[in-house]
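Okay, my_file.pdb now, which holds PDB, C-alpha atoms:
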```pdb
ATOM      1  CA  MET I 295     180.701 220.705-148.576
ATOM      2  CA  ARG I 296     179.547 218.514-151.407
ATOM      3  CA  HIS I 297     177.677 220.167-154.254
ATOM      4  CA  PRO I 298     175.120 218.238-156.298
ATOM      5  CA  SER I 299     175.989 217.574-159.901
ATOM      6  CA  PRO I 300     173.440 217.926-162.703
ATOM      7  CA  TYR I 301     170.639 215.361-162.579
ATOM      8  CA  ARG I 302     171.252 212.379-164.830
ATOM      9  CA  ALA I 303     169.245 209.189-165.179
ATOM     10  CA  ALA I 304     168.888 206.323-167.648
ATOM     11  CA  GLY I 305     171.808 207.618-169.704
ATOM     12  CA  THR I 306     170.071 210.924-170.519
ATOM     13  CA  LEU I 307     171.859 214.216-169.884
ATOM     14  CA  LEU I 308     170.183 217.309-168.584
ATOM     15  CA  ALA I 309     171.587 220.829-168.725
ATOM     16  CA  ALA I 310     174.479 221.349-166.302
ATOM     17  CA  ALA I 311     174.296 223.831-163.483
ATOM     18  CA  VAL I 312     177.475 225.123-161.921
ATOM     19  CA  PHE I 313     177.418 225.630-158.189
ATOM     20  CA  PRO I 314     180.013 227.834-156.472
ATOM     21  CA  LEU I 315     182.089 226.265-153.771
ATOM     22  CA  ALA I 316     181.743 227.823-150.376
ATOM     23  CA  LEU I 317     184.711 226.645-148.372
ATOM     24  CA  ALA I 318     185.229 227.355-144.707
ATOM     25  CA  ALA I 319     188.667 226.411-143.453
ATOM     26  CA  CYS I 320     188.820 224.747-140.063
ATOM     27  CA  SER I 321     191.789 225.693-137.934
ATOM     28  CA  SER I 322     192.626 225.015-134.347
ATOM     29  CA  GLY I 323     195.534 224.455-132.051
ATOM     30  CA  THR I 324     196.424 224.991-128.429
ATOM     31  CA  SER I 325     199.642 224.967-126.499
ATOM     32  CA  GLY I 326     200.357 223.023-123.351
ATOM     33  CA  THR I 327     199.104 224.556-120.077
ATOM     34  CA  SER I 328     200.281 224.186-116.535
ATOM     35  CA  GLY I 329     198.406 221.774-114.305
ATOM     36  CA  THR I 330     197.547 222.246-110.656
ATOM     37  CA  SER I 331     200.827 220.603-109.660
ATOM     38  CA  GLY I 332     202.768 223.430-111.236
ATOM     39  CA  ARG I 333     204.299 221.140-113.835
ATOM     40  CA  PRO I 334     203.427 221.583-117.499
ATOM     41  CA  SER I 335     200.647 219.247-118.506
ATOM     42  CA  ALA I 336     201.171 216.877-121.399
ATOM     43  CA  ALA I 337     200.786 218.545-124.768
ATOM     44  CA  PRO I 338     197.453 217.658-126.370
ATOM     45  CA  THR I 339     197.606 215.143-129.165
ATOM     46  CA  LYS I 340     197.373 216.330-132.732
ATOM     47  CA  ALA I 341     193.978 214.683-133.083
ATOM     48  CA  ALA I 342     192.732 216.590-130.017
ATOM     49  CA  GLU I 343     194.047 219.853-131.436
ATOM     50  CA  ASP I 344     192.734 219.314-134.929
ATOM     51  CA  PRO I 345     189.674 217.129-135.614
ATOM     52  CA  ASP I 346     190.732 216.955-139.260
ATOM     53  CA  ALA I 347     194.186 215.546-138.514
ATOM     54  CA  GLY I 348     194.943 212.611-140.774
ATOM     55  CA  LEU I 349     192.033 213.331-143.116
ATOM     56  CA  LEU I 350     192.665 213.977-146.790
ATOM     57  CA  THR I 351     191.780 217.321-148.334
ATOM     58  CA  GLY I 352     189.795 217.579-151.542
ATOM     59  CA  ALA I 353     193.023 218.272-153.407
ATOM     60  CA  ARG I 354     194.382 214.915-152.215
ATOM     61  CA  LEU I 355     191.111 213.052-152.785
ATOM     62  CA  LYS I 356     191.084 214.282-156.370
ATOM     63  CA  LYS I 357     194.279 212.332-157.007
ATOM     64  CA  ALA I 358     192.527 209.097-155.998
ATOM     65  CA  LEU I 359     189.715 209.454-158.549
ATOM     66  CA  ALA I 360     190.046 207.186-161.569
ATOM     67  CA  PRO I 361     191.859 208.912-164.464
ATOM     68  CA  ALA I 362     190.534 209.316-167.999
ATOM     69  CA  SER I 363     192.488 206.224-169.066
ATOM     70  CA  PHE I 364     190.214 204.054-166.882
ATOM     71  CA  PHE I 365     187.149 204.819-168.983
ATOM     72  CA  ALA I 366     186.253 203.203-172.283
ATOM     73  CA  ALA I 367     186.732 204.933-175.612
ATOM     74  CA  GLY I 368     184.020 207.487-176.258
ATOM     75  CA  PHE I 369     183.761 208.656-172.656
ATOM     76  CA  SER I 370     184.964 212.132-171.746
ATOM     77  CA  VAL I 371     184.827 214.139-168.553
ATOM     78  CA  ASP I 372     181.945 216.569-168.099
ATOM     79  CA  PRO I 373     183.600 219.868-167.086
ATOM     80  CA  ASP I 374     180.508 220.958-165.179
ATOM     81  CA  GLY I 375     180.721 217.873-162.955
ATOM     82  CA  VAL I 376     184.332 218.422-161.817
ATOM     83  CA  ARG I 377     184.466 219.703-158.240
ATOM     84  CA  ASP I 378     186.532 219.361-155.077
ATOM     85  CA  SER I 379     186.924 221.146-151.766
ATOM     86  CA  GLY I 380     190.499 222.227-152.436
ATOM     87  CA  ALA I 381     193.254 222.399-149.831
ATOM     88  CA  THR I 382     191.036 223.320-146.884
ATOM     89  CA  TYR I 383     188.381 221.565-144.848
ATOM     90  CA  THR I 384     184.739 222.535-144.516
ATOM     91  CA  ALA I 385     182.610 222.312-141.405
ATOM     92  CA  PRO I 386     180.710 218.992-141.409
ATOM     93  CA  SER I 387     176.946 219.016-141.168
ATOM     94  CA  ALA I 388     174.106 216.596-140.737
ATOM     95  CA  SER I 389     170.493 217.379-141.513
ATOM     96  CA  ALA I 390     167.676 215.473-139.908
ATOM     97  CA  VAL I 391     166.099 213.460-142.714
ATOM     98  CA  PRO I 392     162.796 212.016-141.474
ATOM     99  CA  LYS I 393     162.031 211.065-145.071
ATOM    100  CA  PRO I 394     164.831 211.186-147.634
ATOM    101  CA  ASP I 395     164.405 212.954-150.949
ATOM    102  CA  CYS I 396     164.430 209.782-153.025
ATOM    103  CA  SER I 397     164.777 211.694-156.293
ATOM    104  CA  LEU I 398     168.381 212.517-155.303
ATOM    105  CA  LEU I 399     169.233 208.916-156.141
ATOM    106  CA  GLY I 400     168.886 209.897-159.803
ATOM    107  CA  GLY I 401     171.717 212.435-159.624
ATOM    108  CA  THR I 402     175.463 211.977-159.909
ATOM    109  CA  SER I 403     176.038 213.185-156.329
ATOM    110  CA  TRP I 404     173.418 210.759-155.045
ATOM    111  CA  ILE I 405     175.206 210.173-151.708
ATOM    112  CA  SER I 406     173.740 213.523-150.577
ATOM    113  CA  VAL I 407     170.453 211.653-150.008
ATOM    114  CA  THR I 408     171.768 210.827-146.509
ATOM    115  CA  GLY I 409     171.750 214.504-145.507
ATOM    116  CA  VAL I 410     175.297 214.202-144.137
ATOM    117  CA  SER I 411     178.251 216.171-145.495
ATOM    118  CA  GLY I 412     181.886 215.624-144.659
ATOM    119  CA  VAL I 413     184.903 217.887-144.341
ATOM    120  CA  SER I 414     186.314 217.356-147.834
ATOM    121  CA  PHE I 415     185.305 215.858-151.169
ATOM    122  CA  ALA I 416     186.261 215.385-154.806
ATOM    123  CA  GLN I 417     184.076 214.312-157.713
ATOM    124  CA  ASN I 418     183.710 214.172-161.476
ATOM    125  CA  ASP I 419     181.741 212.247-164.058
ATOM    126  CA  TYR I 420     182.328 210.866-167.521
ATOM    127  CA  VAL I 421     179.723 210.779-170.280
ATOM    128  CA  SER I 422     179.651 208.820-173.526
ATOM    129  CA  ARG I 423     179.467 211.107-176.538
ATOM    130  CA  THR I 424     177.523 208.517-178.518
ATOM    131  CA  THR I 425     175.177 206.851-176.034
ATOM    132  CA  SER I 426     174.954 209.432-173.213
ATOM    133  CA  GLU I 427     175.792 206.664-170.722
ATOM    134  CA  ASP I 428     177.051 208.161-167.491
ATOM    135  CA  ILE I 429     179.752 207.108-165.016
ATOM    136  CA  ALA I 430     180.215 209.296-161.937
ATOM    137  CA  GLN I 431     182.730 209.040-159.117
ATOM    138  CA  GLU I 432     182.985 210.825-155.778
ATOM    139  CA  ILE I 433     184.940 210.571-152.519
ATOM    140  CA  ASP I 434     183.742 212.187-149.287
ATOM    141  CA  THR I 435     185.773 212.317-146.074
ATOM    142  CA  PHE I 436     184.198 212.397-142.617
ATOM    143  CA  ARG I 437     185.390 212.833-139.059
ATOM    144  CA  GLY I 438     185.389 210.021-136.546
ATOM    145  CA  THR I 439     182.931 207.196-137.186
ATOM    146  CA  THR I 440     180.580 209.227-139.377
ATOM    147  CA  SER I 441     181.531 207.272-142.497
ATOM    148  CA  ALA I 442     180.071 204.115-140.926
ATOM    149  CA  GLU I 443     176.859 205.990-140.153
ATOM    150  CA  VAL I 444     176.588 207.076-143.792
ATOM    151  CA  LEU I 445     176.497 203.428-144.892
ATOM    152  CA  LYS I 446     173.786 202.711-142.309
ATOM    153  CA  ASP I 447     171.844 205.719-143.594
ATOM    154  CA  LEU I 448     171.930 204.217-147.086
ATOM    155  CA  GLU I 449     170.292 201.057-145.784
ATOM    156  CA  ARG I 450     167.535 203.164-144.256
ATOM    157  CA  THR I 451     167.231 205.062-147.538
ATOM    158  CA  ALA I 452     166.722 201.842-149.472
ATOM    159  CA  ALA I 453     163.914 200.889-147.097
ATOM    160  CA  ALA I 454     162.266 204.308-147.441
ATOM    161  CA  CYS I 455     162.822 204.744-151.186
ATOM    162  CA  THR I 456     161.483 201.628-152.814
ATOM    163  CA  THR I 457     160.228 203.814-155.672
ATOM    164  CA  PHE I 458     160.411 207.415-156.839
ATOM    165  CA  THR I 459     159.358 209.380-159.904
ATOM    166  CA  ASP I 460     161.847 210.072-162.687
ATOM    167  CA  ALA I 461     161.855 213.836-163.244
ATOM    168  CA  GLN I 462     162.289 213.396-167.007
ATOM    169  CA  THR I 463     160.030 210.520-167.966
ATOM    170  CA  HIS I 464     157.576 210.891-165.048
ATOM    171  CA  SER I 465     157.683 207.112-164.763
ATOM    172  CA  ARG I 466     158.232 205.084-161.595
ATOM    173  CA  VAL I 467     161.778 204.079-160.722
ATOM    174  CA  LYS I 468     162.154 200.898-158.691
ATOM    175  CA  VAL I 469     164.940 200.859-156.098
ATOM    176  CA  THR I 470     166.504 197.764-154.549
ATOM    177  CA  GLY I 471     169.429 197.782-152.132
ATOM    178  CA  SER I 472     171.706 195.360-150.365
ATOM    179  CA  ALA I 473     174.948 195.193-148.424
ATOM    180  CA  VAL I 474     177.625 193.559-150.573
ATOM    181  CA  PRO I 475     181.235 192.426-150.219
ATOM    182  CA  GLY I 476     183.506 195.210-151.307
ATOM    183  CA  PRO I 477     187.116 196.303-151.508
ATOM    184  CA  GLY I 478     186.768 198.510-148.415
ATOM    185  CA  ASP I 479     185.447 198.067-144.868
ATOM    186  CA  ALA I 480     181.805 197.906-145.953
ATOM    187  CA  ALA I 481     179.815 198.417-149.139
ATOM    188  CA  TYR I 482     176.202 198.987-150.124
ATOM    189  CA  THR I 483     174.640 198.780-153.576
ATOM    190  CA  LEU I 484     171.465 200.345-154.895
ATOM    191  CA  THR I 485     169.983 199.323-158.247
ATOM    192  CA  LEU I 486     167.556 201.612-160.060
ATOM    193  CA  THR I 487     165.337 200.229-162.813
ATOM    194  CA  ASP I 488     162.519 201.751-164.841
ATOM    195  CA  SER I 489     160.531 200.265-167.708
ATOM    196  CA  ALA I 490     160.887 203.595-169.531
ATOM    197  CA  TRP I 491     164.688 203.355-169.522
ATOM    198  CA  GLN I 492     166.919 201.458-171.923
ATOM    199  CA  ASN I 493     169.198 200.442-169.050
ATOM    200  CA  GLY I 494     169.116 200.750-165.287
ATOM    201  CA  THR I 495     171.545 202.441-162.925
ATOM    202  CA  THR I 496     173.859 200.963-160.304
ATOM    203  CA  LEU I 497     174.967 203.008-157.299
ATOM    204  CA  ILE I 498     177.714 201.680-155.039
ATOM    205  CA  ALA I 499     178.987 203.224-151.800
ATOM    206  CA  VAL I 500     182.148 201.814-150.214
ATOM    207  CA  ARG I 501     183.494 202.830-146.822
ATOM    208  CA  SER I 502     187.271 202.826-146.461
ATOM    209  CA  GLY I 503     188.248 204.150-143.047
ATOM    210  CA  THR I 504     186.956 207.715-142.751
ATOM    211  CA  ASP I 505     186.260 207.969-146.492
ATOM    212  CA  VAL I 506     183.176 206.988-148.472
ATOM    213  CA  VAL I 507     183.582 206.253-152.173
ATOM    214  CA  SER I 508     180.369 206.557-154.168
ATOM    215  CA  VAL I 509     179.934 205.710-157.834
ATOM    216  CA  LEU I 510     177.116 205.744-160.358
ATOM    217  CA  SER I 511     177.034 203.827-163.626
ATOM    218  CA  THR I 512     174.560 203.399-166.468
ATOM    219  CA  ASP I 513     177.261 201.831-168.657
ATOM    220  CA  GLY I 514     176.666 198.463-170.322
ATOM    221  CA  HIS I 515     173.656 196.170-170.433
ATOM    222  CA  ASP I 516     173.658 195.031-166.794
ATOM    223  CA  ASN I 517     172.220 198.188-165.197
ATOM    224  CA  GLY I 518     175.779 199.505-165.061
ATOM    225  CA  ALA I 519     176.758 196.961-162.386
ATOM    226  CA  ALA I 520     180.095 195.665-163.728
ATOM    227  CA  THR I 521     181.486 199.112-164.461
ATOM    228  CA  ALA I 522     180.356 200.444-161.082
ATOM    229  CA  ALA I 523     182.046 197.590-159.195
ATOM    230  CA  LYS I 524     185.272 197.930-161.172
ATOM    231  CA  LEU I 525     185.370 201.698-160.650
ATOM    232  CA  ALA I 526     184.700 201.474-156.900
ATOM    233  CA  ALA I 527     187.528 198.958-156.466
ATOM    234  CA  ARG I 528     189.888 201.131-158.508
ATOM    235  CA  ILE I 529     189.178 204.222-156.380
ATOM    236  CA  VAL I 530     189.563 202.400-153.048
ATOM    237  CA  THR I 531     192.968 201.056-154.098
ATOM    238  CA  SER I 532     194.135 204.528-155.138
ATOM    239  CA  LEU I 533     192.669 206.071-152.004
ATOM    240  CA  ARG I 534     194.625 203.743-149.727
ATOM    241  CA  ALA I 535     197.806 204.559-151.621
ATOM    242  CA  GLU I 536     197.103 208.282-151.216
ATOM    243  CA  HIS I 537     196.708 207.832-147.454
ATOM    244  CA  GLN I 538     200.075 206.081-147.316
ATOM    245  CA  ARG I 539     201.694 209.030-149.085
ATOM    246  CA  ALA I 540     200.026 211.592-146.802
TER
END
```
C-alpha coordinates encoding of this file:
Amino acid sequence: MRHPSPYRAAGTLLAAAVFPLALAACSSGTSGTSGTSGRPSAAPTKAAEDPDAGLLTGARLKKALAPASFFAAGFSVDPDGVRDSGATYTAPSASAVPKPDCSLLGGTSWISVTGVSGVSFAQNDYVSRTTSEDIAQEIDTFRGTTSAEVLKDLERTAAACTTFTDAQTHSRVKVTGSAVPGPGDAAYTLTLTDSAWQNGTTLIAVRSGTDVVSVLSTDGHDNGAATAAKLAARIVTSLRAEHQRA
(Lines of atoms letter the chains of each structure in order from A and count residues from 1; the text may use other names and numbers.)
(Lines give C-alpha, C1' and ligand atoms only; values in the text may rest on other atoms or scores of the structure.)
Protein backbone atom coordinates (compact mmCIF):
# COMPACT_ATOMS: atom_id res chain seq x y z
CA MET A 1 0.00 0.00 0.00
CA ARG A 2 1.04 3.58 -0.49
CA HIS A 3 2.29 5.47 2.54
CA PRO A 4 1.90 9.24 2.80
CA SER A 5 5.06 11.29 2.71
CA PRO A 6 5.62 14.26 5.02
CA TYR A 7 3.33 17.20 4.34
CA ARG A 8 4.91 19.85 2.14
CA ALA A 9 3.37 22.97 0.66
CA ALA A 10 4.52 26.25 -0.88
CA GLY A 11 8.14 25.10 -0.82
CA THR A 12 8.22 24.77 2.99
CA LEU A 13 9.43 21.55 4.59
CA LEU A 14 7.91 20.03 7.67
CA ALA A 15 9.50 17.37 9.86
CA ALA A 16 9.58 13.95 8.18
CA ALA A 17 7.76 10.99 9.60
CA VAL A 18 8.80 7.50 8.62
CA PHE A 19 6.03 5.00 8.13
CA PRO A 20 6.75 1.25 8.16
CA LEU A 21 5.75 -0.71 5.13
CA ALA A 22 3.23 -3.42 5.73
CA LEU A 23 3.39 -5.70 2.73
CA ALA A 24 1.06 -8.60 2.13
CA ALA A 25 2.13 -10.83 -0.74
CA CYS A 26 -0.62 -12.05 -3.03
CA SER A 27 -0.20 -15.57 -4.32
CA SER A 28 -2.49 -17.85 -6.21
CA GLY A 29 -2.49 -20.60 -8.75
CA THR A 30 -4.57 -23.60 -9.67
CA SER A 31 -4.00 -26.61 -11.84
CA GLY A 32 -6.26 -27.86 -14.59
CA THR A 33 -9.27 -29.96 -13.50
CA SER A 34 -11.27 -32.57 -15.30
CA GLY A 35 -14.55 -31.52 -16.86
CA THR A 36 -17.77 -33.49 -16.94
CA SER A 37 -16.73 -35.08 -20.23
CA GLY A 38 -13.83 -36.80 -18.53
CA ARG A 39 -11.29 -34.85 -20.55
CA PRO A 40 -8.99 -32.37 -18.82
CA SER A 41 -10.38 -28.88 -19.04
CA ALA A 42 -8.27 -26.13 -20.53
CA ALA A 43 -5.68 -24.79 -18.12
CA PRO A 44 -6.72 -21.41 -16.72
CA THR A 45 -4.94 -18.42 -18.16
CA LYS A 46 -2.19 -16.78 -16.17
CA ALA A 47 -4.35 -13.71 -15.67
CA ALA A 48 -7.13 -15.90 -14.23
CA GLU A 49 -4.67 -17.59 -11.89
CA ASP A 50 -2.95 -14.42 -10.78
CA PRO A 51 -4.74 -11.04 -10.81
CA ASP A 52 -1.34 -9.35 -10.59
CA ALA A 53 0.04 -11.02 -13.72
CA GLY A 54 1.73 -8.48 -15.95
CA LEU A 55 1.78 -5.78 -13.27
CA LEU A 56 5.07 -4.28 -12.15
CA THR A 57 6.24 -4.67 -8.57
CA GLY A 58 7.46 -1.73 -6.53
CA ALA A 59 11.03 -2.84 -7.17
CA ARG A 60 10.42 -2.50 -10.92
CA LEU A 61 8.46 0.75 -10.60
CA LYS A 62 11.37 2.26 -8.69
CA LYS A 63 13.54 1.88 -11.78
CA ALA A 64 11.12 4.05 -13.77
CA LEU A 65 11.33 7.02 -11.38
CA ALA A 66 13.44 9.90 -12.66
CA PRO A 67 17.07 9.66 -11.46
CA ALA A 68 18.97 12.34 -9.56
CA SER A 69 20.49 13.56 -12.84
CA PHE A 70 17.03 14.74 -13.98
CA PHE A 71 16.82 17.36 -11.24
CA ALA A 72 18.47 20.76 -11.27
CA ALA A 73 21.59 21.54 -9.28
CA GLY A 74 20.79 22.09 -5.62
CA PHE A 75 18.10 19.42 -5.43
CA SER A 76 18.76 16.27 -3.44
CA VAL A 77 16.60 13.31 -2.52
CA ASP A 78 14.85 13.36 0.85
CA PRO A 79 15.69 9.98 2.44
CA ASP A 80 12.48 10.01 4.45
CA GLY A 81 10.41 10.24 1.26
CA VAL A 82 11.92 7.17 -0.44
CA ARG A 83 9.52 4.23 -0.36
CA ASP A 84 8.37 1.31 -2.50
CA SER A 85 6.42 -1.90 -2.07
CA GLY A 86 9.37 -4.15 -2.87
CA ALA A 87 9.17 -7.41 -4.81
CA THR A 88 5.69 -8.42 -3.64
CA TYR A 89 2.18 -7.15 -4.21
CA THR A 90 -0.21 -5.79 -1.61
CA ALA A 91 -3.94 -6.32 -1.46
CA PRO A 92 -5.70 -3.40 -3.20
CA SER A 93 -8.26 -1.39 -1.29
CA ALA A 94 -10.79 1.32 -1.90
CA SER A 95 -12.36 3.44 0.81
CA ALA A 96 -15.67 5.14 0.31
CA VAL A 97 -14.89 8.85 0.18
CA PRO A 98 -18.16 10.80 0.40
CA LYS A 99 -16.08 13.94 0.91
CA PRO A 100 -12.35 13.81 0.20
CA ASP A 101 -9.82 15.09 2.70
CA CYS A 102 -8.77 18.07 0.61
CA SER A 103 -5.75 18.80 2.81
CA LEU A 104 -4.09 15.67 1.37
CA LEU A 105 -3.52 17.66 -1.81
CA GLY A 106 -0.81 19.54 0.09
CA GLY A 107 1.28 16.40 0.65
CA THR A 108 3.78 14.67 -1.60
CA SER A 109 1.64 11.51 -1.80
CA TRP A 110 -1.40 13.58 -2.75
CA ILE A 111 -2.89 10.85 -4.99
CA SER A 112 -4.10 9.17 -1.77
CA VAL A 113 -6.93 11.75 -1.74
CA THR A 114 -8.88 9.33 -3.97
CA GLY A 115 -9.03 6.71 -1.20
CA VAL A 116 -7.87 4.01 -3.63
CA SER A 117 -4.65 2.04 -3.21
CA GLY A 118 -3.07 -0.26 -5.75
CA VAL A 119 -1.02 -3.43 -5.54
CA SER A 120 2.42 -1.84 -5.83
CA PHE A 121 4.05 1.58 -5.70
CA ALA A 122 7.32 3.49 -5.68
CA GLN A 123 7.96 7.09 -4.70
CA ASN A 124 10.55 9.66 -3.68
CA ASP A 125 10.93 13.41 -3.59
CA TYR A 126 13.69 15.93 -4.16
CA VAL A 127 14.11 19.15 -2.19
CA SER A 128 16.19 22.23 -2.95
CA ARG A 129 18.74 22.90 -0.23
CA THR A 130 18.57 26.64 -0.85
CA THR A 131 14.93 27.40 -1.61
CA SER A 132 13.09 24.41 -0.09
CA GLU A 133 11.27 23.94 -3.41
CA ASP A 134 9.87 20.44 -3.65
CA ILE A 135 9.53 17.96 -6.53
CA ALA A 136 7.86 14.63 -5.74
CA GLN A 137 7.28 11.62 -7.96
CA GLU A 138 5.22 8.47 -7.47
CA ILE A 139 3.94 5.51 -9.50
CA ASP A 140 1.02 3.36 -8.37
CA THR A 141 -0.11 0.17 -10.11
CA PHE A 142 -3.70 -1.05 -10.10
CA ARG A 143 -5.57 -4.13 -11.25
CA GLY A 144 -7.95 -4.10 -14.17
CA THR A 145 -9.49 -0.75 -15.05
CA THR A 146 -8.98 0.82 -11.62
CA SER A 147 -6.35 3.23 -12.94
CA ALA A 148 -8.99 4.86 -15.15
CA GLU A 149 -11.29 5.21 -12.15
CA VAL A 150 -8.53 6.97 -10.21
CA LEU A 151 -8.37 9.69 -12.87
CA LYS A 152 -12.16 10.09 -12.70
CA ASP A 153 -11.90 10.33 -8.91
CA LEU A 154 -9.46 13.22 -9.31
CA GLU A 155 -12.02 15.11 -11.38
CA ARG A 156 -14.56 14.62 -8.60
CA THR A 157 -11.95 15.73 -6.07
CA ALA A 158 -11.35 18.97 -7.96
CA ALA A 159 -15.08 19.67 -7.88
CA ALA A 160 -15.29 18.95 -4.14
CA CYS A 161 -12.03 20.66 -3.14
CA THR A 162 -12.17 24.13 -4.59
CA THR A 163 -10.43 25.38 -1.44
CA PHE A 164 -8.82 24.00 1.71
CA THR A 165 -6.84 25.38 4.62
CA ASP A 166 -3.04 25.24 4.60
CA ALA A 167 -1.98 23.51 7.81
CA GLN A 168 1.07 25.78 8.16
CA THR A 169 -0.12 29.24 7.22
CA HIS A 170 -3.82 28.68 8.07
CA SER A 171 -4.61 30.53 4.85
CA ARG A 172 -7.00 29.41 2.12
CA VAL A 173 -5.59 27.39 -0.76
CA LYS A 174 -7.43 27.69 -4.07
CA VAL A 175 -7.63 24.54 -6.19
CA THR A 176 -8.34 24.41 -9.92
CA GLY A 177 -8.32 21.25 -12.02
CA SER A 178 -8.63 20.20 -15.62
CA ALA A 179 -8.07 17.25 -17.93
CA VAL A 180 -5.03 17.90 -20.11
CA PRO A 181 -3.21 16.23 -23.00
CA GLY A 182 -0.48 14.05 -21.63
CA PRO A 183 2.14 11.49 -22.55
CA GLY A 184 -0.05 8.61 -21.34
CA ASP A 185 -3.64 7.47 -21.90
CA ALA A 186 -5.15 10.31 -19.88
CA ALA A 187 -3.91 13.10 -17.63
CA TYR A 188 -5.35 15.47 -15.05
CA THR A 189 -3.76 18.57 -13.54
CA LEU A 190 -4.51 20.34 -10.29
CA THR A 191 -3.08 23.78 -9.52
CA LEU A 192 -2.86 25.02 -5.94
CA THR A 193 -2.41 28.72 -5.23
CA ASP A 194 -2.40 30.73 -2.02
CA SER A 195 -1.74 34.43 -1.49
CA ALA A 196 0.43 33.50 1.50
CA TRP A 197 2.78 31.43 -0.66
CA GLN A 198 5.69 32.64 -2.77
CA ASN A 199 4.78 30.15 -5.50
CA GLY A 200 1.94 27.75 -6.15
CA THR A 201 1.97 23.99 -6.61
CA THR A 202 1.20 21.89 -9.67
CA LEU A 203 -0.02 18.31 -9.33
CA ILE A 204 -0.22 16.09 -12.40
CA ALA A 205 -1.61 12.55 -12.61
CA VAL A 206 -1.05 10.54 -15.79
CA ARG A 207 -2.59 7.16 -16.51
CA SER A 208 -0.48 4.76 -18.56
CA GLY A 209 -2.22 1.41 -18.83
CA THR A 210 -2.65 0.01 -15.32
CA ASP A 211 -0.22 2.54 -13.82
CA VAL A 212 -0.84 6.05 -12.53
CA VAL A 213 2.09 8.46 -12.42
CA SER A 214 1.62 11.35 -10.00
CA VAL A 215 3.98 14.28 -9.56
CA LEU A 216 4.11 17.42 -7.44
CA SER A 217 6.20 20.49 -8.15
CA THR A 218 6.72 23.87 -6.51
CA ASP A 219 9.81 24.50 -8.64
CA GLY A 220 10.13 27.70 -10.67
CA HIS A 221 7.92 30.76 -10.96
CA ASP A 222 4.98 29.19 -12.80
CA ASN A 223 3.39 27.32 -9.87
CA GLY A 224 5.76 24.46 -10.67
CA ALA A 225 3.93 23.68 -13.93
CA ALA A 226 6.83 23.28 -16.39
CA THR A 227 8.85 21.02 -14.10
CA ALA A 228 5.81 18.90 -13.27
CA ALA A 229 4.96 18.35 -16.95
CA LYS A 230 8.56 17.50 -17.85
CA LEU A 231 8.86 15.06 -14.95
CA ALA A 232 5.56 13.30 -15.72
CA ALA A 233 6.60 12.79 -19.36
CA ARG A 234 10.00 11.47 -18.29
CA ILE A 235 8.47 8.89 -15.93
CA VAL A 236 5.88 7.66 -18.45
CA THR A 237 8.60 7.07 -21.05
CA SER A 238 10.71 5.12 -18.56
CA LEU A 239 7.68 3.22 -17.32
CA ARG A 240 6.80 2.00 -20.80
CA ALA A 241 10.38 0.86 -21.31
CA GLU A 242 10.26 -1.03 -18.00
CA HIS A 243 7.09 -2.83 -19.11
CA GLN A 244 8.81 -3.89 -22.32
CA ARG A 245 11.67 -5.37 -20.30
CA ALA A 246 9.33 -7.20 -17.91
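The residues returned by the PyMOL selection byres ((chain I and resi 417) around 7) for this structure are Val376, Arg377, Asp378, Phe415, Ala416, Asn418, Gln431, Glu432 and Ile433 of chain I.
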message = Which residues would end up in the selection if the PyMOL selection byres ((chain I and resi 489) around 12) were applied here, given that I need the answer as a ChimeraX atom specification?
response = /I:304,460,463-468,486-488,490-494
Step by step, gather every atom of segment 374-379 of chain I that the file lists, find the box along x, y and z that holds them, add 8 Å on each side, and finally give centre and edge lengths in Å to one decimal, as lines of an AutoDock Vina configuration file.
```
center_x = 183.7
center_y = 219.5
center_z = -158.5
size_x = 22.4
size_y = 19.3
size_z = 29.4
```
inquiry  = To test your reading of the syntax: which residues would the PyMOL selection byres ((chain I and resi 393) around 10) return for the file shown? Reply as number ranges by chain.
reply    = I: 390-392, 394-396, 407-408, 450-451, 454-455
ask   = From the list I:Ala367, I:Val421, I:Leu484, I:Leu533, which residue is nearest Gly400 of chain I when using only C-alpha atoms?
value = I:Leu484
ask   = With all atoms listed in the file as the atoms that count, which of I:Gly514, I:Gly503, I:Pro386, I:Gly471 lies nearest to Ala453 of chain I?
value =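 Nearest to Ala453 of chain I: I:Gly471.
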